[in-house]
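Structure file start07.pdb with PDB, C-alpha atoms, pLDDT in the B column:
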```pdb
ATOM      1  CA  MET K   1     151.352 280.112  16.416  1.00 94.00           C
ATOM      2  CA  LYS K   2     150.142 277.281  18.645  1.00 88.00           C
ATOM      3  CA  VAL K   3     146.840 277.331  20.566  1.00 83.00           C
ATOM      4  CA  GLU K   4     146.269 275.557  23.886  1.00 83.00           C
ATOM      5  CA  ILE K   5     143.791 272.681  23.700  1.00 78.00           C
ATOM      6  CA  LYS K   6     141.879 270.715  26.334  1.00 81.00           C
ATOM      7  CA  THR K   7     143.488 267.313  25.611  1.00 73.00           C
ATOM      8  CA  LYS K   8     146.802 266.976  27.454  1.00 73.00           C
ATOM      9  CA  GLU K   9     147.723 263.441  26.392  1.00 73.00           C
ATOM     10  CA  ALA K  10     147.873 264.501  22.748  1.00 75.00           C
ATOM     11  CA  ILE K  11     149.631 261.532  21.212  1.00 80.00           C
ATOM     12  CA  PHE K  12     148.355 260.449  17.823  1.00 79.00           C
ATOM     13  CA  PRO K  13     148.207 257.899  16.382  1.00 84.00           C
ATOM     14  CA  MET K  14     147.480 255.571  19.281  1.00 87.00           C
ATOM     15  CA  PRO K  15     146.899 252.021  18.007  1.00 90.00           C
ATOM     16  CA  VAL K  16     143.644 250.421  19.036  1.00 95.00           C
ATOM     17  CA  LEU K  17     144.689 247.309  20.930  1.00 97.00           C
ATOM     18  CA  ILE K  18     142.290 244.504  21.746  1.00 98.00           C
ATOM     19  CA  ILE K  19     143.385 242.454  24.740  1.00 98.00           C
ATOM     20  CA  SER K  20     141.877 238.991  25.115  1.00 98.00           C
ATOM     21  CA  THR K  21     141.811 236.710  28.149  1.00 98.00           C
ATOM     22  CA  PHE K  22     139.785 233.824  29.491  1.00 98.00           C
ATOM     23  CA  ASN K  23     137.230 234.382  32.246  1.00 97.00           C
ATOM     24  CA  GLU K  24     137.034 231.946  35.198  1.00 96.00           C
ATOM     25  CA  ASP K  25     134.285 229.984  33.435  1.00 96.00           C
ATOM     26  CA  GLY K  26     136.316 229.591  30.222  1.00 96.00           C
ATOM     27  CA  THR K  27     134.443 232.223  28.215  1.00 97.00           C
ATOM     28  CA  VAL K  28     136.411 234.827  26.301  1.00 97.00           C
ATOM     29  CA  ASN K  29     136.801 238.390  27.532  1.00 97.00           C
ATOM     30  CA  ALA K  30     138.195 241.178  25.356  1.00 97.00           C
ATOM     31  CA  MET K  31     138.802 244.857  25.959  1.00 97.00           C
ATOM     32  CA  ASN K  32     139.797 247.855  23.864  1.00 96.00           C
ATOM     33  CA  ALA K  33     142.913 249.637  25.089  1.00 93.00           C
ATOM     34  CA  ALA K  34     144.465 252.537  23.196  1.00 82.00           C
ATOM     35  CA  TRP K  35     147.105 253.237  25.831  1.00 86.00           C
ATOM     36  CA  GLY K  36     149.751 250.628  25.143  1.00 88.00           C
ATOM     37  CA  MET K  37     153.278 250.622  23.782  1.00 87.00           C
ATOM     38  CA  PRO K  38     156.528 248.696  23.646  1.00 85.00           C
ATOM     39  CA  GLN K  39     158.279 248.988  26.989  1.00 87.00           C
ATOM     40  CA  ASN K  40     161.524 247.379  25.909  1.00 87.00           C
ATOM     41  CA  TYR K  41     162.485 244.854  23.240  1.00 92.00           C
ATOM     42  CA  GLY K  42     160.053 241.973  23.600  1.00 95.00           C
ATOM     43  CA  TYR K  43     157.907 243.653  26.274  1.00 96.00           C
ATOM     44  CA  LEU K  44     154.694 245.679  26.242  1.00 95.00           C
ATOM     45  CA  ALA K  45     153.387 248.221  28.750  1.00 93.00           C
ATOM     46  CA  LEU K  46     149.594 248.506  28.837  1.00 94.00           C
ATOM     47  CA  ASN K  47     148.049 251.336  30.809  1.00 91.00           C
ATOM     48  CA  LEU K  48     145.107 249.423  32.271  1.00 90.00           C
ATOM     49  CA  ALA K  49     143.238 250.175  35.465  1.00 87.00           C
ATOM     50  CA  GLU K  50     143.239 247.385  38.015  1.00 86.00           C
ATOM     51  CA  GLU K  51     139.432 247.237  38.218  1.00 89.00           C
ATOM     52  CA  HIS K  52     139.101 245.943  34.622  1.00 91.00           C
ATOM     53  CA  LYS K  53     137.873 242.355  34.304  1.00 95.00           C
ATOM     54  CA  THR K  54     140.719 241.855  31.836  1.00 95.00           C
ATOM     55  CA  VAL K  55     143.335 242.778  34.454  1.00 95.00           C
ATOM     56  CA  GLU K  56     141.722 240.391  36.953  1.00 96.00           C
ATOM     57  CA  ASN K  57     141.911 237.641  34.313  1.00 97.00           C
ATOM     58  CA  ILE K  58     145.529 238.469  33.421  1.00 97.00           C
ATOM     59  CA  LYS K  59     146.604 238.280  37.054  1.00 96.00           C
ATOM     60  CA  ARG K  60     144.801 234.940  37.490  1.00 97.00           C
ATOM     61  CA  THR K  61     145.973 233.233  34.264  1.00 98.00           C
ATOM     62  CA  LYS K  62     149.314 235.063  33.844  1.00 98.00           C
ATOM     63  CA  SER K  63     148.390 235.282  30.145  1.00 98.00           C
ATOM     64  CA  LEU K  64     146.972 237.614  27.503  1.00 98.00           C
ATOM     65  CA  VAL K  65     146.893 238.135  23.765  1.00 98.00           C
ATOM     66  CA  VAL K  66     147.238 241.648  22.349  1.00 98.00           C
ATOM     67  CA  HIS K  67     145.719 242.254  18.907  1.00 98.00           C
ATOM     68  CA  ILE K  68     145.901 245.313  16.692  1.00 96.00           C
ATOM     69  CA  ALA K  69     142.380 246.252  15.639  1.00 97.00           C
ATOM     70  CA  ASP K  70     141.529 246.805  11.989  1.00 96.00           C
ATOM     71  CA  GLU K  71     139.049 248.770   9.924  1.00 96.00           C
ATOM     72  CA  ALA K  72     136.830 245.761   9.215  1.00 97.00           C
ATOM     73  CA  HIS K  73     136.173 245.302  12.949  1.00 97.00           C
ATOM     74  CA  ILE K  74     135.647 248.862  14.200  1.00 97.00           C
ATOM     75  CA  LYS K  75     132.217 248.057  15.657  1.00 97.00           C
ATOM     76  CA  GLU K  76     133.499 245.042  17.580  1.00 98.00           C
ATOM     77  CA  ALA K  77     136.603 246.915  18.764  1.00 97.00           C
ATOM     78  CA  ASP K  78     134.520 249.846  19.963  1.00 97.00           C
ATOM     79  CA  TYR K  79     132.059 247.490  21.677  1.00 97.00           C
ATOM     80  CA  PHE K  80     134.956 245.932  23.599  1.00 97.00           C
ATOM     81  CA  GLY K  81     135.768 249.431  24.852  1.00 94.00           C
ATOM     82  CA  ILE K  82     132.303 250.558  25.885  1.00 95.00           C
ATOM     83  CA  VAL K  83     131.019 247.369  27.531  1.00 94.00           C
ATOM     84  CA  SER K  84     132.641 246.073  30.709  1.00 92.00           C
ATOM     85  CA  GLY K  85     133.279 242.400  31.279  1.00 90.00           C
ATOM     86  CA  ASN K  86     132.431 243.096  34.932  1.00 91.00           C
ATOM     87  CA  SER K  87     128.828 243.868  34.010  1.00 92.00           C
ATOM     88  CA  VAL K  88     128.169 241.882  30.800  1.00 92.00           C
ATOM     89  CA  LYS K  89     128.929 238.189  30.965  1.00 85.00           C
ATOM     90  CA  ASN K  90     130.328 236.703  27.775  1.00 90.00           C
ATOM     91  CA  LYS K  91     130.348 240.002  25.872  1.00 94.00           C
ATOM     92  CA  PHE K  92     132.677 238.380  23.312  1.00 97.00           C
ATOM     93  CA  LYS K  93     129.909 236.032  22.134  1.00 95.00           C
ATOM     94  CA  LYS K  94     127.685 239.019  21.254  1.00 94.00           C
ATOM     95  CA  THR K  95     130.209 240.172  18.612  1.00 97.00           C
ATOM     96  CA  GLY K  96     130.113 236.992  16.535  1.00 97.00           C
ATOM     97  CA  LEU K  97     133.907 236.853  16.449  1.00 98.00           C
ATOM     98  CA  THR K  98     135.728 233.543  16.846  1.00 98.00           C
ATOM     99  CA  TYR K  99     138.873 232.474  18.662  1.00 98.00           C
ATOM    100  CA  THR K 100     141.537 229.804  18.880  1.00 98.00           C
ATOM    101  CA  LYS K 101     143.182 228.957  22.196  1.00 98.00           C
ATOM    102  CA  SER K 102     146.888 229.799  22.170  1.00 98.00           C
ATOM    103  CA  ASP K 103     149.199 226.834  22.579  1.00 97.00           C
ATOM    104  CA  LEU K 104     151.746 229.062  24.376  1.00 98.00           C
ATOM    105  CA  VAL K 105     149.643 230.939  26.917  1.00 98.00           C
ATOM    106  CA  ASP K 106     146.278 230.458  28.608  1.00 98.00           C
ATOM    107  CA  ALA K 107     144.506 233.055  26.456  1.00 98.00           C
ATOM    108  CA  PRO K 108     142.427 233.221  23.262  1.00 98.00           C
ATOM    109  CA  ILE K 109     143.628 234.467  19.881  1.00 98.00           C
ATOM    110  CA  ILE K 110     140.809 236.317  18.132  1.00 98.00           C
ATOM    111  CA  ASN K 111     140.845 234.877  14.610  1.00 98.00           C
ATOM    112  CA  GLU K 112     139.459 237.900  12.789  1.00 98.00           C
ATOM    113  CA  PHE K 113     142.200 240.340  13.844  1.00 98.00           C
ATOM    114  CA  LYS K 114     145.166 240.103  11.495  1.00 97.00           C
ATOM    115  CA  LEU K 115     147.951 240.528  14.059  1.00 97.00           C
ATOM    116  CA  ALA K 116     148.228 238.909  17.492  1.00 98.00           C
ATOM    117  CA  MET K 117     150.927 239.002  20.185  1.00 97.00           C
ATOM    118  CA  GLU K 118     150.730 236.113  22.642  1.00 98.00           C
ATOM    119  CA  CYS K 119     152.024 237.377  25.974  1.00 98.00           C
ATOM    120  CA  GLU K 120     153.038 236.220  29.400  1.00 98.00           C
ATOM    121  CA  PHE K 121     152.154 238.473  32.343  1.00 97.00           C
ATOM    122  CA  VAL K 122     155.260 239.885  34.045  1.00 97.00           C
ATOM    123  CA  GLU K 123     153.946 242.342  36.631  1.00 94.00           C
ATOM    124  CA  PHE K 124     151.350 244.933  37.499  1.00 92.00           C
ATOM    125  CA  GLN K 125     152.723 248.363  38.342  1.00 88.00           C
ATOM    126  CA  SER K 126     150.366 250.553  40.296  1.00 83.00           C
ATOM    127  CA  ASP K 127     151.157 254.116  41.198  1.00 78.00           C
ATOM    128  CA  LYS K 128     149.763 257.568  40.499  1.00 75.00           C
ATOM    129  CA  THR K 129     150.762 257.274  36.826  1.00 68.00           C
ATOM    130  CA  GLY K 130     148.818 254.031  36.393  1.00 66.00           C
ATOM    131  CA  VAL K 131     151.373 252.139  34.302  1.00 68.00           C
ATOM    132  CA  GLY K 132     149.453 248.868  34.668  1.00 88.00           C
ATOM    133  CA  VAL K 133     150.311 245.568  32.973  1.00 94.00           C
ATOM    134  CA  ILE K 134     153.810 244.670  31.821  1.00 94.00           C
ATOM    135  CA  ALA K 135     153.836 241.652  29.487  1.00 97.00           C
ATOM    136  CA  LYS K 136     156.496 239.655  27.687  1.00 98.00           C
ATOM    137  CA  VAL K 137     155.696 238.900  24.047  1.00 97.00           C
ATOM    138  CA  LEU K 138     156.342 235.217  23.393  1.00 98.00           C
ATOM    139  CA  ARG K 139     155.124 235.085  19.792  1.00 98.00           C
ATOM    140  CA  THR K 140     153.670 237.452  17.216  1.00 97.00           C
ATOM    141  CA  THR K 141     151.587 236.055  14.379  1.00 97.00           C
ATOM    142  CA  VAL K 142     150.088 237.752  11.354  1.00 97.00           C
ATOM    143  CA  ASP K 143     147.683 236.584   8.647  1.00 96.00           C
ATOM    144  CA  GLU K 144     149.637 235.258   5.685  1.00 96.00           C
ATOM    145  CA  SER K 145     147.631 237.634   3.461  1.00 96.00           C
ATOM    146  CA  CYS K 146     149.581 240.470   5.118  1.00 96.00           C
ATOM    147  CA  ILE K 147     153.002 239.128   4.112  1.00 96.00           C
ATOM    148  CA  LYS K 148     154.679 240.631   1.055  1.00 95.00           C
ATOM    149  CA  ASP K 149     158.188 239.669  -0.021  1.00 95.00           C
ATOM    150  CA  GLY K 150     158.693 237.871   3.293  1.00 93.00           C
ATOM    151  CA  LYS K 151     157.840 240.906   5.433  1.00 94.00           C
ATOM    152  CA  VAL K 152     154.708 242.299   7.042  1.00 94.00           C
ATOM    153  CA  ASP K 153     152.918 244.630   4.634  1.00 93.00           C
ATOM    154  CA  VAL K 154     151.694 247.183   7.176  1.00 92.00           C
ATOM    155  CA  SER K 155     149.234 248.710   4.709  1.00 92.00           C
ATOM    156  CA  SER K 156     147.361 245.406   4.432  1.00 94.00           C
ATOM    157  CA  LEU K 157     146.813 245.245   8.214  1.00 95.00           C
ATOM    158  CA  ASP K 158     144.229 248.050   7.874  1.00 95.00           C
ATOM    159  CA  THR K 159     145.208 249.156  11.383  1.00 95.00           C
ATOM    160  CA  ILE K 160     143.012 251.680  13.127  1.00 95.00           C
ATOM    161  CA  ALA K 161     144.242 254.346  15.521  1.00 93.00           C
ATOM    162  CA  TYR K 162     142.384 256.173  18.252  1.00 92.00           C
ATOM    163  CA  ASP K 163     142.130 259.963  18.090  1.00 90.00           C
ATOM    164  CA  PRO K 164     142.126 261.457  21.630  1.00 87.00           C
ATOM    165  CA  PHE K 165     141.150 264.893  20.285  1.00 87.00           C
ATOM    166  CA  THR K 166     137.720 264.043  18.834  1.00 87.00           C
ATOM    167  CA  TYR K 167     137.319 260.391  19.931  1.00 90.00           C
ATOM    168  CA  GLY K 168     137.569 259.144  16.369  1.00 92.00           C
ATOM    169  CA  TYR K 169     139.103 256.106  14.722  1.00 95.00           C
ATOM    170  CA  TYR K 170     141.447 256.545  11.775  1.00 94.00           C
ATOM    171  CA  LYS K 171     142.848 254.030   9.342  1.00 93.00           C
ATOM    172  CA  VAL K 172     146.662 253.945   9.260  1.00 89.00           C
ATOM    173  CA  THR K 173     147.890 252.715   5.905  1.00 82.00           C
ATOM    174  CA  GLU K 174     150.306 254.734   3.798  1.00 82.00           C
ATOM    175  CA  ARG K 175     154.083 254.433   4.064  1.00 82.00           C
ATOM    176  CA  VAL K 176     155.756 257.822   3.741  1.00 85.00           C
ATOM    177  CA  GLY K 177     159.420 257.115   4.522  1.00 88.00           C
ATOM    178  CA  THR K 178     162.126 254.691   5.630  1.00 87.00           C
ATOM    179  CA  ALA K 179     163.355 254.682   9.233  1.00 89.00           C
ATOM    180  CA  PHE K 180     167.108 254.882   9.857  1.00 89.00           C
ATOM    181  CA  LYS K 181     167.653 256.018   6.268  1.00 90.00           C
ATOM    182  CA  ASP K 182     165.689 259.155   5.361  1.00 90.00           C
ATOM    183  CA  GLY K 183     167.520 261.366   7.840  1.00 91.00           C
ATOM    184  CA  LYS K 184     171.009 260.382   6.668  1.00 90.00           C
ATOM    185  CA  ASN K 185     171.101 263.115   4.027  1.00 82.00           C
ATOM    186  CA  LEU K 186     171.178 265.707   6.826  1.00 87.00           C
ATOM    187  CA  ASN K 187     174.657 264.611   8.008  1.00 72.00           C
TER     188      ASN K 187
END
```
How does the structure come out when it is put into structure tokens?
Amino acid sequence: MKVEIKTKEAIFPMPVLIISTFNEDGTVNAMNAAWGMPQNYGYLALNLAEEHKTVENIKRTKSLVVHIADEAHIKEADYFGIVSGNSVKNKFKKTGLTYTKSDLVDAPIINEFKLAMECEFVEFQSDKTGVGVIAKVLRTTVDESCIKDGKVDVSSLDTIAYDPFTYGYYKVTERVGTAFKDGKNLN
């Protein structure tokens, strides 16, 4: 038997995404966003409110980099979610993380996160559902330490997911099946 719970948007796991942009003065801004997903092949939909400093930066530069947060950087990732770039100038510097400017878009790649998607801003959708930023992924890079047999070894990314039920972070690591194959025996 199922029991009704308070949380309505009960989707788990929700990857912890760190979105990085440049502020007007050239400093780095980063925010934590758990509400993001592929919109279509090569595109991301990020449910971001328009009042975020990050959204202001994205609209101005037409650029962003989306990173998948990892276990080693939980404190920094959480900090990016609890401190607003509208109220704390250069909050990125306080984390001690480093960056490299993308050569494709006008946005920083945070070096310490193992996976980065360099994106071009497409549009901002604003209605009662708050869809937010639509971005085209131009390039995805991953640390070479996370490549095994020529493919991304997802376990080595040490990805963290956000838990909307208890506001926790969980490490996502173990492969338990093969997509487009495991269900074939039911035919």
Go through range 69-128 of chain K residue by residue and, counting all atoms listed in the file, keep those with an atom at most 8 Å from range 40-59 of chain K; for each kept residue give the shortest atom pair and its distance in Å to one decimal, ordered by chain and increasing number, as CSV.
```
residue,atom,partner,partner_atom,distance
K:Ser84,CA,K:Lys53,CA,7.4
K:Gly85,CA,K:Lys53,CA,5.5
K:Asn86,CA,K:Lys53,CA,5.5
K:Phe121,CA,K:Ile58,CA,6.7
```
Filtering to C-alpha atoms, could you give me those residues as a PDB file, in the coordinates of the input?
```
ATOM      1  CA  SER K  84     132.641 246.073  30.709  1.00 92.00           C
ATOM      2  CA  GLY K  85     133.279 242.400  31.279  1.00 90.00           C
ATOM      3  CA  ASN K  86     132.431 243.096  34.932  1.00 91.00           C
ATOM      4  CA  PHE K 121     152.154 238.473  32.343  1.00 97.00           C
TER       5      PHE K 121
END
```
Would you write out, as a list in words, every residue that the PyMOL selection byres ((chain K and resi 9) around 12) captures in this file?
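For this structure, the PyMOL selection byres ((chain K and resi 9) around 12) resolves to Ile5, Lys6, Thr7, Lys8, Ala10, Ile11, Phe12, Pro13, Met14, Ala34, Trp35, Asp163, Pro164 and Phe165 of chain K.
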Protein, DNA and RNA residues within 7 Å of (129.2, 245.5, 22.5), all atoms listed in the file, as a PyMOL selection string
chain K and resi 76+79-80+82-83+91+94-95
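When CA of Ser145 in chain K is paired with CA of Phe180 in chain K, their separation reads 26.8 Å.
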Find the residues near Ala107 in chain K: any atom within 10 Å, counting all atoms listed in the file, skip ones fewer than 4 places away on the same chain, and give them as a PyMOL selection string.
chain K and resi 19-23+26+28-29+57-58+61-66+99-103+118-120
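Considering all atoms listed in the file, the residue among K:Asn32, K:Asn111, K:Thr98, K:Thr178 positioned nearest to Gly81 in chain K is K:Asn32.
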Just give me the gap between CA of Lys171 in chain K and CA of Leu115 in chain K in Å, one decimal is fine.
15.2 Å
Which is closest to Val154 in chain K among K:Tyr169, K:Glu123, K:Ile68, K:Pro108, if we use only C-alpha atoms?
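Between K:Tyr169, K:Glu123, K:Ile68, K:Pro108, the residue approaching Val154 in chain K most closely is K:Ile68.
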Calculate how many Å separate CA of Thr141 in chain K from CA of Lys114 in chain K, rounding to one decimal.
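Computed distance, CA of Thr141 in chain K to CA of Lys114 in chain K, equals 8.1 Å.
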Box for range 54-64 of chain K: with edges along x, y and z, all listed atoms inside and 8 Å added on each side, what are the centre and edge lengths in Å to one decimal, as JSON?
```
{"center_x": 145.0, "center_y": 238.0, "center_z": 32.5, "size_x": 24.6, "size_y": 25.5, "size_z": 26.0}
```
Could you list the residues chosen by the PyMOL selection byres ((chain K and resi 160) around 8) in this structure as a short mmCIF file (atom, residue, chain, number, x, y, z; two decimals) with C-alpha atoms, in the frame of the given file?
```cif
data_model
loop_
_atom_site.label_atom_id
_atom_site.label_comp_id
_atom_site.auth_asym_id
_atom_site.auth_seq_id
_atom_site.Cartn_x
_atom_site.Cartn_y
_atom_site.Cartn_z
CA PRO K 15 146.90 252.02 18.01
CA VAL K 16 143.64 250.42 19.04
CA ILE K 68 145.90 245.31 16.69
CA ALA K 69 142.38 246.25 15.64
CA ASP K 70 141.53 246.80 11.99
CA GLU K 71 139.05 248.77 9.92
CA ILE K 74 135.65 248.86 14.20
CA ASP K 158 144.23 248.05 7.87
CA THR K 159 145.21 249.16 11.38
CA ALA K 161 144.24 254.35 15.52
CA TYR K 162 142.38 256.17 18.25
CA TYR K 169 139.10 256.11 14.72
CA TYR K 170 141.45 256.54 11.78
CA LYS K 171 142.85 254.03 9.34
CA VAL K 172 146.66 253.94 9.26
#
```
C-alpha atoms of range 46-57 of chain K, written as a short mmCIF file (atom, residue, chain, number, x, y, z; two decimals), in the first residue's frame:
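After the write, result-v6.cif holds the following:
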```
data_model
loop_
_atom_site.label_atom_id
_atom_site.label_comp_id
_atom_site.auth_asym_id
_atom_site.auth_seq_id
_atom_site.Cartn_x
_atom_site.Cartn_y
_atom_site.Cartn_z
CA LEU K 46 17.27 23.93 -16.89
CA ASN K 47 14.49 24.99 -14.55
CA LEU K 48 16.02 28.24 -13.33
CA ALA K 49 14.21 31.28 -12.02
CA GLU K 50 14.85 34.48 -13.93
CA GLU K 51 16.04 36.38 -10.84
CA HIS K 52 19.19 34.21 -10.50
CA LYS K 53 22.47 36.01 -11.21
CA THR K 54 23.37 33.01 -13.36
CA VAL K 55 20.34 33.55 -15.62
CA GLU K 56 21.21 37.25 -15.96
CA ASN K 57 24.75 36.23 -16.98
#
```
